[in-house]
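Asks: Below is a structure I'd like to ask you about.
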Amino acid sequence: MRHFAALVSFVLAAPASAQMPISVELAVAARPAHVVRADGMQVVYELRVASFHPQPLRLRTLEILDGESRPLARYEGDALAALIGGQWVANDADRTLLTPGGQALAFVNLPVAKPVTAIRHRLTYTAGERPPVTVEGTMQPVAAAPAPFGPPLRGGAWSAIYQPAMEFGHRRYVYAAGGVARVPGRHAIDFFHADRNSKEPRYATDPGFGAEVIAVADGTVVAARDDFADPAQRNPDERVAAENATGNYVALDIGGGRIVFYEHLKQGLAVKRGDRVRRGQLLGRVGATGQVGGTHLHFHVADANSPLGAEGLPFSLANFEQVGAWKTIDQAFSGERWQPAPPRRVTAAMPSPNVVVRFP
């Protein structure tokens with residue numbers, strides 16, 4: 001989340017509470033963006049709410065309006081609390097209570113029926129027994145959905161594992177690399193082989209281990225790390241330093257300010273830094289290096305050549321076939337079998353959470 005101060009929203013106090021100081025900041029850091037998923041379109045971003053009031057504040061309602069001030073969504077109570085998170089927030093925290101000098105980060109995945117050009121926010125809060133105060137933020141432009149590119153893998157079946165509301169998932173994990181807070185995994189997907197045995201500790205027996213990882217577009221390899229030996233089996237207690245969490249990886253600059261990251265690769269990459277590659281070209285193979293919970297490909301797109309020091313960008317894939325799903329992300333890791341469904345061809349979209357897909 002880059003340069004909050006430069007993107008701070010203008011805040012107004014409601015006339016009914018004119019004696020209250022103007023003491024709440026609304027800030028949208030990374031630009032809101034359209035994401036086309038197989039299950040519909042969303043606008044995705046984070047809204048920071050910070051208090052400069054000497055008393056605790058209770059967040060009451062959050063409204064999201066479009067560029068014509070038409071309502072898109074309204075959150076209150078449990079629905080508002082569910083938006084607020086981050087890896088620093090305790091499970092039992094009172095998420096709509098702002099302490100003096102405190103802040104809340106709302107992770108917004110807003111379903112929309114059609115593209116919107118801009119959004120703004122209207123927040124209502126209370127301080128003790130005083131009347132409610134409403135603050136309004138400035139208009140924020142929404143980036144258009146990106147052009148689709150090719151698949152990162154071949155064949156399948158592959159499970160697209162992610163969950164935007166998961167508290168310690170990629171979507172809600174903030175990294176302050178270089179002193180700047182960002183969400184690099186905002187749109188990240190972990191691709192596991194759908195027919196793996198989640199209880200099997202040995203990596204080499206996973207049906208996805210060694211599968212080809214390919215370039216999603218023409219581009220230049222701007223980073224490649226290949227110094228991690230392939231581990232023999234999982235160690236649930238193993239932790240690695242943040243700078244080694246990617247394991248062996250490739251970063252591919254595909255132009256337009258987009259860097260594609262392929263992480264946890266098997267040792268023995270097919271490319272090196274500086275190589276020019278074509279769409280569909282072999283980059284490496286699925287492995288289990290770095291910080292992993294099993295053999296898989298971590299895939300995300302960002303705006304700079306840094307696995308953790310860049311903002312995650314949306315992406316879509318030109319063509320895949322959806323063949324099943326798990327109902328929840330927990331089922332995907334519990335050893336339950338995914339539920340097959342009649343194959344459905346999907347074009348120009350991002351896989352929905354926890355679906356099973358086949359690539360061309």
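Ligands are numbered from 1 in the order shown, chains are lettered A, B, ... in the order of the structure tokens, and residues start at 1 in each chain.
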List the neighbours of His300 in chain A out to 10 Å using only C-alpha atoms; skip same-chain residues closer than 3 positions along the sequence, and give me the result as a PDB file with N, CA, C and O atoms, in the first residue's frame.

Replies:
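Generated output (around04.pdb):
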ATOM      1  N   HIS A 170      -2.735 -14.704   1.453  1.00  0.00           N
ATOM      2  CA  HIS A 170      -1.983 -13.679   0.714  1.00  0.00           C
ATOM      3  C   HIS A 170      -2.739 -12.358   0.642  1.00  0.00           C
ATOM      4  O   HIS A 170      -2.139 -11.285   0.716  1.00  0.00           O
ATOM      5  N   PRO A 184       1.671  -7.437  -1.625  1.00  0.00           N
ATOM      6  CA  PRO A 184       2.165  -8.044  -2.870  1.00  0.00           C
ATOM      7  C   PRO A 184       1.303  -9.195  -3.360  1.00  0.00           C
ATOM      8  O   PRO A 184       1.172  -9.414  -4.566  1.00  0.00           O
ATOM      9  N   GLY A 185       0.694  -9.938  -2.435  1.00  0.00           N
ATOM     10  CA  GLY A 185      -0.102 -11.096  -2.829  1.00  0.00           C
ATOM     11  C   GLY A 185      -1.586 -10.810  -2.937  1.00  0.00           C
ATOM     12  O   GLY A 185      -2.405 -11.719  -2.776  1.00  0.00           O
ATOM     13  N   ARG A 186      -1.940  -9.572  -3.221  1.00  0.00           N
ATOM     14  CA  ARG A 186      -3.352  -9.170  -3.276  1.00  0.00           C
ATOM     15  C   ARG A 186      -4.188 -10.087  -4.173  1.00  0.00           C
ATOM     16  O   ARG A 186      -5.346 -10.379  -3.890  1.00  0.00           O
ATOM     17  N   HIS A 187      -3.612 -10.540  -5.271  1.00  0.00           N
ATOM     18  CA  HIS A 187      -4.340 -11.388  -6.223  1.00  0.00           C
ATOM     19  C   HIS A 187      -3.635 -12.729  -6.449  1.00  0.00           C
ATOM     20  O   HIS A 187      -3.834 -13.366  -7.482  1.00  0.00           O
ATOM     21  N   ALA A 188      -2.823 -13.143  -5.491  1.00  0.00           N
ATOM     22  CA  ALA A 188      -2.012 -14.352  -5.675  1.00  0.00           C
ATOM     23  C   ALA A 188      -2.877 -15.615  -5.638  1.00  0.00           C
ATOM     24  O   ALA A 188      -3.900 -15.683  -4.954  1.00  0.00           O
ATOM     25  N   ILE A 189      -2.429 -16.625  -6.395  1.00  0.00           N
ATOM     26  CA  ILE A 189      -3.044 -17.953  -6.376  1.00  0.00           C
ATOM     27  C   ILE A 189      -1.944 -18.981  -6.154  1.00  0.00           C
ATOM     28  O   ILE A 189      -0.867 -18.893  -6.743  1.00  0.00           O
ATOM     29  N   ASP A 190      -2.227 -19.955  -5.300  1.00  0.00           N
ATOM     30  CA  ASP A 190      -1.357 -21.123  -5.143  1.00  0.00           C
ATOM     31  C   ASP A 190      -1.980 -22.270  -5.935  1.00  0.00           C
ATOM     32  O   ASP A 190      -3.104 -22.703  -5.636  1.00  0.00           O
ATOM     33  N   ALA A 251      11.107 -14.186 -12.003  1.00  0.00           N
ATOM     34  CA  ALA A 251      10.307 -12.978 -12.193  1.00  0.00           C
ATOM     35  C   ALA A 251      10.411 -12.572 -13.657  1.00  0.00           C
ATOM     36  O   ALA A 251      11.512 -12.399 -14.185  1.00  0.00           O
ATOM     37  N   ILE A 259       5.124  -7.365 -13.568  1.00  0.00           N
ATOM     38  CA  ILE A 259       6.125  -8.394 -13.315  1.00  0.00           C
ATOM     39  C   ILE A 259       5.396  -9.633 -12.811  1.00  0.00           C
ATOM     40  O   ILE A 259       4.636  -9.558 -11.849  1.00  0.00           O
ATOM     41  N   VAL A 260       5.624 -10.760 -13.466  1.00  0.00           N
ATOM     42  CA  VAL A 260       4.961 -12.008 -13.096  1.00  0.00           C
ATOM     43  C   VAL A 260       5.924 -12.843 -12.258  1.00  0.00           C
ATOM     44  O   VAL A 260       7.072 -13.076 -12.670  1.00  0.00           O
ATOM     45  N   PHE A 261       5.451 -13.316 -11.098  1.00  0.00           N
ATOM     46  CA  PHE A 261       6.284 -14.094 -10.189  1.00  0.00           C
ATOM     47  C   PHE A 261       5.829 -15.545 -10.161  1.00  0.00           C
ATOM     48  O   PHE A 261       4.634 -15.837  -9.992  1.00  0.00           O
ATOM     49  N   TYR A 262       6.802 -16.452 -10.316  1.00  0.00           N
ATOM     50  CA  TYR A 262       6.595 -17.891 -10.206  1.00  0.00           C
ATOM     51  C   TYR A 262       7.505 -18.370  -9.071  1.00  0.00           C
ATOM     52  O   TYR A 262       8.729 -18.326  -9.201  1.00  0.00           O
ATOM     53  N   GLU A 263       6.918 -18.867  -7.975  1.00  0.00           N
ATOM     54  CA  GLU A 263       7.718 -19.152  -6.790  1.00  0.00           C
ATOM     55  C   GLU A 263       7.627 -20.622  -6.366  1.00  0.00           C
ATOM     56  O   GLU A 263       6.730 -21.346  -6.784  1.00  0.00           O
ATOM     57  N   LEU A 297       2.783 -24.255  -7.109  1.00  0.00           N
ATOM     58  CA  LEU A 297       3.276 -23.040  -7.750  1.00  0.00           C
ATOM     59  C   LEU A 297       2.554 -21.843  -7.155  1.00  0.00           C
ATOM     60  O   LEU A 297       1.325 -21.745  -7.231  1.00  0.00           O
ATOM     61  N   PRO A 307       9.623  -9.563  -4.795  1.00  0.00           N
ATOM     62  CA  PRO A 307       8.562 -10.479  -4.368  1.00  0.00           C
ATOM     63  C   PRO A 307       7.679  -9.927  -3.251  1.00  0.00           C
ATOM     64  O   PRO A 307       6.481 -10.196  -3.226  1.00  0.00           O
ATOM     65  N   GLY A 312       0.575  -5.948  -5.445  1.00  0.00           N
ATOM     66  CA  GLY A 312      -0.025  -6.982  -6.273  1.00  0.00           C
ATOM     67  C   GLY A 312      -1.014  -6.401  -7.260  1.00  0.00           C
ATOM     68  O   GLY A 312      -1.806  -5.509  -6.928  1.00  0.00           O
ATOM     69  N   LEU A 313      -0.968  -6.885  -8.503  1.00  0.00           N
ATOM     70  CA  LEU A 313      -1.844  -6.420  -9.572  1.00  0.00           C
ATOM     71  C   LEU A 313      -2.796  -7.536 -10.005  1.00  0.00           C
ATOM     72  O   LEU A 313      -2.454  -8.713  -9.940  1.00  0.00           O
ATOM     73  N   PRO A 314      -3.986  -7.158 -10.494  1.00  0.00           N
ATOM     74  CA  PRO A 314      -4.917  -8.177 -10.974  1.00  0.00           C
ATOM     75  C   PRO A 314      -4.439  -8.778 -12.288  1.00  0.00           C
ATOM     76  O   PRO A 314      -3.618  -8.201 -12.995  1.00  0.00           O
ATOM     77  N   PHE A 315      -4.961  -9.954 -12.592  1.00  0.00           N
ATOM     78  CA  PHE A 315      -4.647 -10.613 -13.857  1.00  0.00           C
ATOM     79  C   PHE A 315      -5.836 -11.466 -14.264  1.00  0.00           C
ATOM     80  O   PHE A 315      -6.741 -11.738 -13.459  1.00  0.00           O
TER      81      PHE A 315
END

Asks: Using only C-alpha atoms, what does the table of range 87-195 of chain A residues within 7 Å of range 35-50 of chain A look like, with each row giving the shortest atom pair and its distance in Å to one decimal, sorted by chain and ascending number, as JSON lines?

Replies:
{"residue": "A:Gly101", "atom": "CA", "partner": "A:Ala50", "partner_atom": "CA", "distance": 6.9}
{"residue": "A:Gly102", "atom": "CA", "partner": "A:Ala50", "partner_atom": "CA", "distance": 5.9}
{"residue": "A:Gln103", "atom": "CA", "partner": "A:Ala50", "partner_atom": "CA", "distance": 4.1}
{"residue": "A:Ala104", "atom": "CA", "partner": "A:Val49", "partner_atom": "CA", "distance": 5.2}
{"residue": "A:Leu105", "atom": "CA", "partner": "A:Arg48", "partner_atom": "CA", "distance": 4.6}
{"residue": "A:Ala106", "atom": "CA", "partner": "A:Leu47", "partner_atom": "CA", "distance": 5.1}
{"residue": "A:Phe107", "atom": "CA", "partner": "A:Glu46", "partner_atom": "CA", "distance": 4.7}
{"residue": "A:Val108", "atom": "CA", "partner": "A:Tyr45", "partner_atom": "CA", "distance": 5.4}
{"residue": "A:Asn109", "atom": "CA", "partner": "A:Val44", "partner_atom": "CA", "distance": 4.7}
{"residue": "A:Leu110", "atom": "CA", "partner": "A:Val43", "partner_atom": "CA", "distance": 5.0}
{"residue": "A:Pro111", "atom": "CA", "partner": "A:Gln42", "partner_atom": "CA", "distance": 4.2}
{"residue": "A:Val112", "atom": "CA", "partner": "A:Gln42", "partner_atom": "CA", "distance": 5.5}
{"residue": "A:Ala113", "atom": "CA", "partner": "A:Met41", "partner_atom": "CA", "distance": 6.7}
{"residue": "A:Ala145", "atom": "CA", "partner": "A:Val35", "partner_atom": "CA", "distance": 5.7}

Asks: Counting only C-alpha atoms, which of A:Val174, A:Met139, A:Val133, A:Leu62 gets nearest to Gln87 in chain A?

Replies: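 That would be A:Val174, the residue with the smallest distance to Gln87 in chain A.
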
Asks: Leaving out range 213-223 of chain A and any residue of its chain fewer than 4 positions from it, which residues lie within 6 Å of it when counting only C-alpha atoms, given as a PyMOL selection string?

Replies: chain A and resi 149-153+250-254+273-285

Asks: Of the candidates A:Leu57, A:Ile84, A:Val183, A:Val292, which one gets nearest to Asn235 in chain A if we count only C-alpha atoms?

Replies: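 Smallest separation from Asn235 in chain A among the options: A:Val292.
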
Asks: Report the distance between CA of Ala177 in chain A and CA of Gly247 in chain A in Å, rounded to one decimal place.

Replies: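 One can read the CA of Ala177 in chain A to CA of Gly247 in chain A distance as 17.9 Å.
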
Asks: List the spatial neighbours of Gly208 in chain A as a PDB file with N, CA, C and O atoms, in the first residue's frame - criterion: any atom at most 9 Å away, only C-alpha atoms, same-chain residues fewer than 6 positions off excluded.

Replies:
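Result file is out-v4.pdb:
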ATOM      1  N   GLY A 156      -3.595 -30.465 -16.227  1.00  0.00           N
ATOM      2  CA  GLY A 156      -4.217 -30.430 -14.916  1.00  0.00           C
ATOM      3  C   GLY A 156      -4.690 -31.820 -14.530  1.00  0.00           C
ATOM      4  O   GLY A 156      -4.286 -32.806 -15.147  1.00  0.00           O
ATOM      5  N   TRP A 158      -5.578 -28.754 -11.849  1.00  0.00           N
ATOM      6  CA  TRP A 158      -4.917 -27.896 -10.876  1.00  0.00           C
ATOM      7  C   TRP A 158      -5.958 -27.196 -10.016  1.00  0.00           C
ATOM      8  O   TRP A 158      -6.968 -26.708 -10.528  1.00  0.00           O
ATOM      9  N   PHE A 192      -2.015 -25.962  -6.612  1.00  0.00           N
ATOM     10  CA  PHE A 192      -1.677 -27.320  -6.183  1.00  0.00           C
ATOM     11  C   PHE A 192      -2.281 -28.306  -7.176  1.00  0.00           C
ATOM     12  O   PHE A 192      -3.342 -28.036  -7.754  1.00  0.00           O
ATOM     13  N   HIS A 193      -1.634 -29.468  -7.344  1.00  0.00           N
ATOM     14  CA  HIS A 193      -2.284 -30.497  -8.144  1.00  0.00           C
ATOM     15  C   HIS A 193      -3.526 -30.976  -7.391  1.00  0.00           C
ATOM     16  O   HIS A 193      -3.462 -31.296  -6.201  1.00  0.00           O
ATOM     17  N   ALA A 194      -4.658 -31.022  -8.079  1.00  0.00           N
ATOM     18  CA  ALA A 194      -5.920 -31.318  -7.410  1.00  0.00           C
ATOM     19  C   ALA A 194      -5.985 -32.733  -6.857  1.00  0.00           C
ATOM     20  O   ALA A 194      -6.750 -33.003  -5.934  1.00  0.00           O
ATOM     21  N   ASP A 195      -5.184 -33.644  -7.412  1.00  0.00           N
ATOM     22  CA  ASP A 195      -5.246 -35.048  -6.988  1.00  0.00           C
ATOM     23  C   ASP A 195      -4.129 -35.421  -6.026  1.00  0.00           C
ATOM     24  O   ASP A 195      -3.842 -36.596  -5.818  1.00  0.00           O
ATOM     25  N   ARG A 196      -3.521 -34.429  -5.409  1.00  0.00           N
ATOM     26  CA  ARG A 196      -2.450 -34.708  -4.447  1.00  0.00           C
ATOM     27  C   ARG A 196      -3.024 -35.310  -3.174  1.00  0.00           C
ATOM     28  O   ARG A 196      -4.216 -35.149  -2.863  1.00  0.00           O
ATOM     29  N   VAL A 286       7.429 -27.159 -11.195  1.00  0.00           N
ATOM     30  CA  VAL A 286       6.785 -27.036  -9.889  1.00  0.00           C
ATOM     31  C   VAL A 286       7.616 -27.768  -8.836  1.00  0.00           C
ATOM     32  O   VAL A 286       8.047 -28.905  -9.048  1.00  0.00           O
ATOM     33  N   GLY A 287       7.853 -27.099  -7.718  1.00  0.00           N
ATOM     34  CA  GLY A 287       8.646 -27.687  -6.650  1.00  0.00           C
ATOM     35  C   GLY A 287       8.076 -27.377  -5.290  1.00  0.00           C
ATOM     36  O   GLY A 287       6.872 -27.132  -5.132  1.00  0.00           O
ATOM     37  N   THR A 295       3.856 -29.194  -2.192  1.00  0.00           N
ATOM     38  CA  THR A 295       4.298 -28.923  -3.555  1.00  0.00           C
ATOM     39  C   THR A 295       3.266 -28.053  -4.274  1.00  0.00           C
ATOM     40  O   THR A 295       2.090 -28.417  -4.347  1.00  0.00           O
ATOM     41  N   HIS A 296       3.683 -26.903  -4.781  1.00  0.00           N
ATOM     42  CA  HIS A 296       2.757 -26.051  -5.523  1.00  0.00           C
ATOM     43  C   HIS A 296       3.504 -24.923  -6.219  1.00  0.00           C
ATOM     44  O   HIS A 296       4.680 -24.674  -5.954  1.00  0.00           O
TER      45      HIS A 296
END

Asks: From a DSSP pass on the backbone, collect the residues of range 51-202 of chain A flagged as strand (DSSP E or B) and hand them back as a ChimeraX atom specification.

Replies: /A:51,57-66,71-76,84,97-98,103-112,118-126,133-136,140-141,143,149,153,155-161,175-177,180-182,189-193,202

Asks: Can you check which residues of range 150-303 of chain A DSSP gives as helix (DSSP H, G or I) on the backbone and send them as a CSV table (one decimal) with N, CA, C and O atoms, in the first residue's frame?

Replies:
chain,number,residue,atom,x,y,z
A,170,HIS,N,-2.7,-14.7,1.5
A,170,HIS,CA,-2.0,-13.7,0.7
A,170,HIS,C,-2.7,-12.4,0.6
A,170,HIS,O,-2.1,-11.3,0.7
A,171,ARG,N,-4.1,-12.4,0.5
A,171,ARG,CA,-4.8,-11.2,0.3
A,171,ARG,C,-4.8,-10.2,1.4
A,171,ARG,O,-4.8,-9.0,1.3
A,172,ARG,N,-4.6,-10.8,2.6
A,172,ARG,CA,-4.7,-9.9,3.8
A,172,ARG,C,-3.3,-9.8,4.5
A,172,ARG,O,-3.3,-9.4,5.7
A,242,ALA,N,12.2,-14.3,5.7
A,242,ALA,CA,11.3,-13.7,4.7
A,242,ALA,C,12.0,-13.6,3.3
A,242,ALA,O,11.3,-13.8,2.3
A,243,GLU,N,13.3,-13.3,3.3
A,243,GLU,CA,14.0,-13.2,2.0
A,243,GLU,C,14.2,-14.5,1.3
A,243,GLU,O,14.5,-14.5,0.1
A,244,ASN,N,13.9,-15.6,2.0
A,244,ASN,CA,14.1,-16.9,1.4
A,244,ASN,C,12.7,-17.6,1.2
A,244,ASN,O,12.7,-18.7,0.7

Asks: Report, in Å to a single decimal, how far apart CA of Ala73 in chain A and CA of Ala143 in chain A are.

Replies: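 CA of Ala143 in chain A sits 18.7 Å away from CA of Ala73 in chain A.
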
Asks: Within 7 Å of Tyr249 in chain A, counting only C-alpha atoms, which residues qualify if same-chain residues fewer than 5 places away don't, as a ChimeraX atom specification?

Replies: /A:224-226,262-265

Asks: Please report the interatomic distance between CA of Asn305 in chain A and CA of Pro353 in chain A in Å with one decimal.

Replies: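 About the pair CA of Asn305 in chain A and CA of Pro353 in chain A: they are 25.8 Å apart.
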
Asks: Could you tell me which of A:Pro148, A:Pro115, A:Pro131, A:Pro54 comes closest to Leu72 in chain A if we count only C-alpha atoms?

Replies: A:Pro115
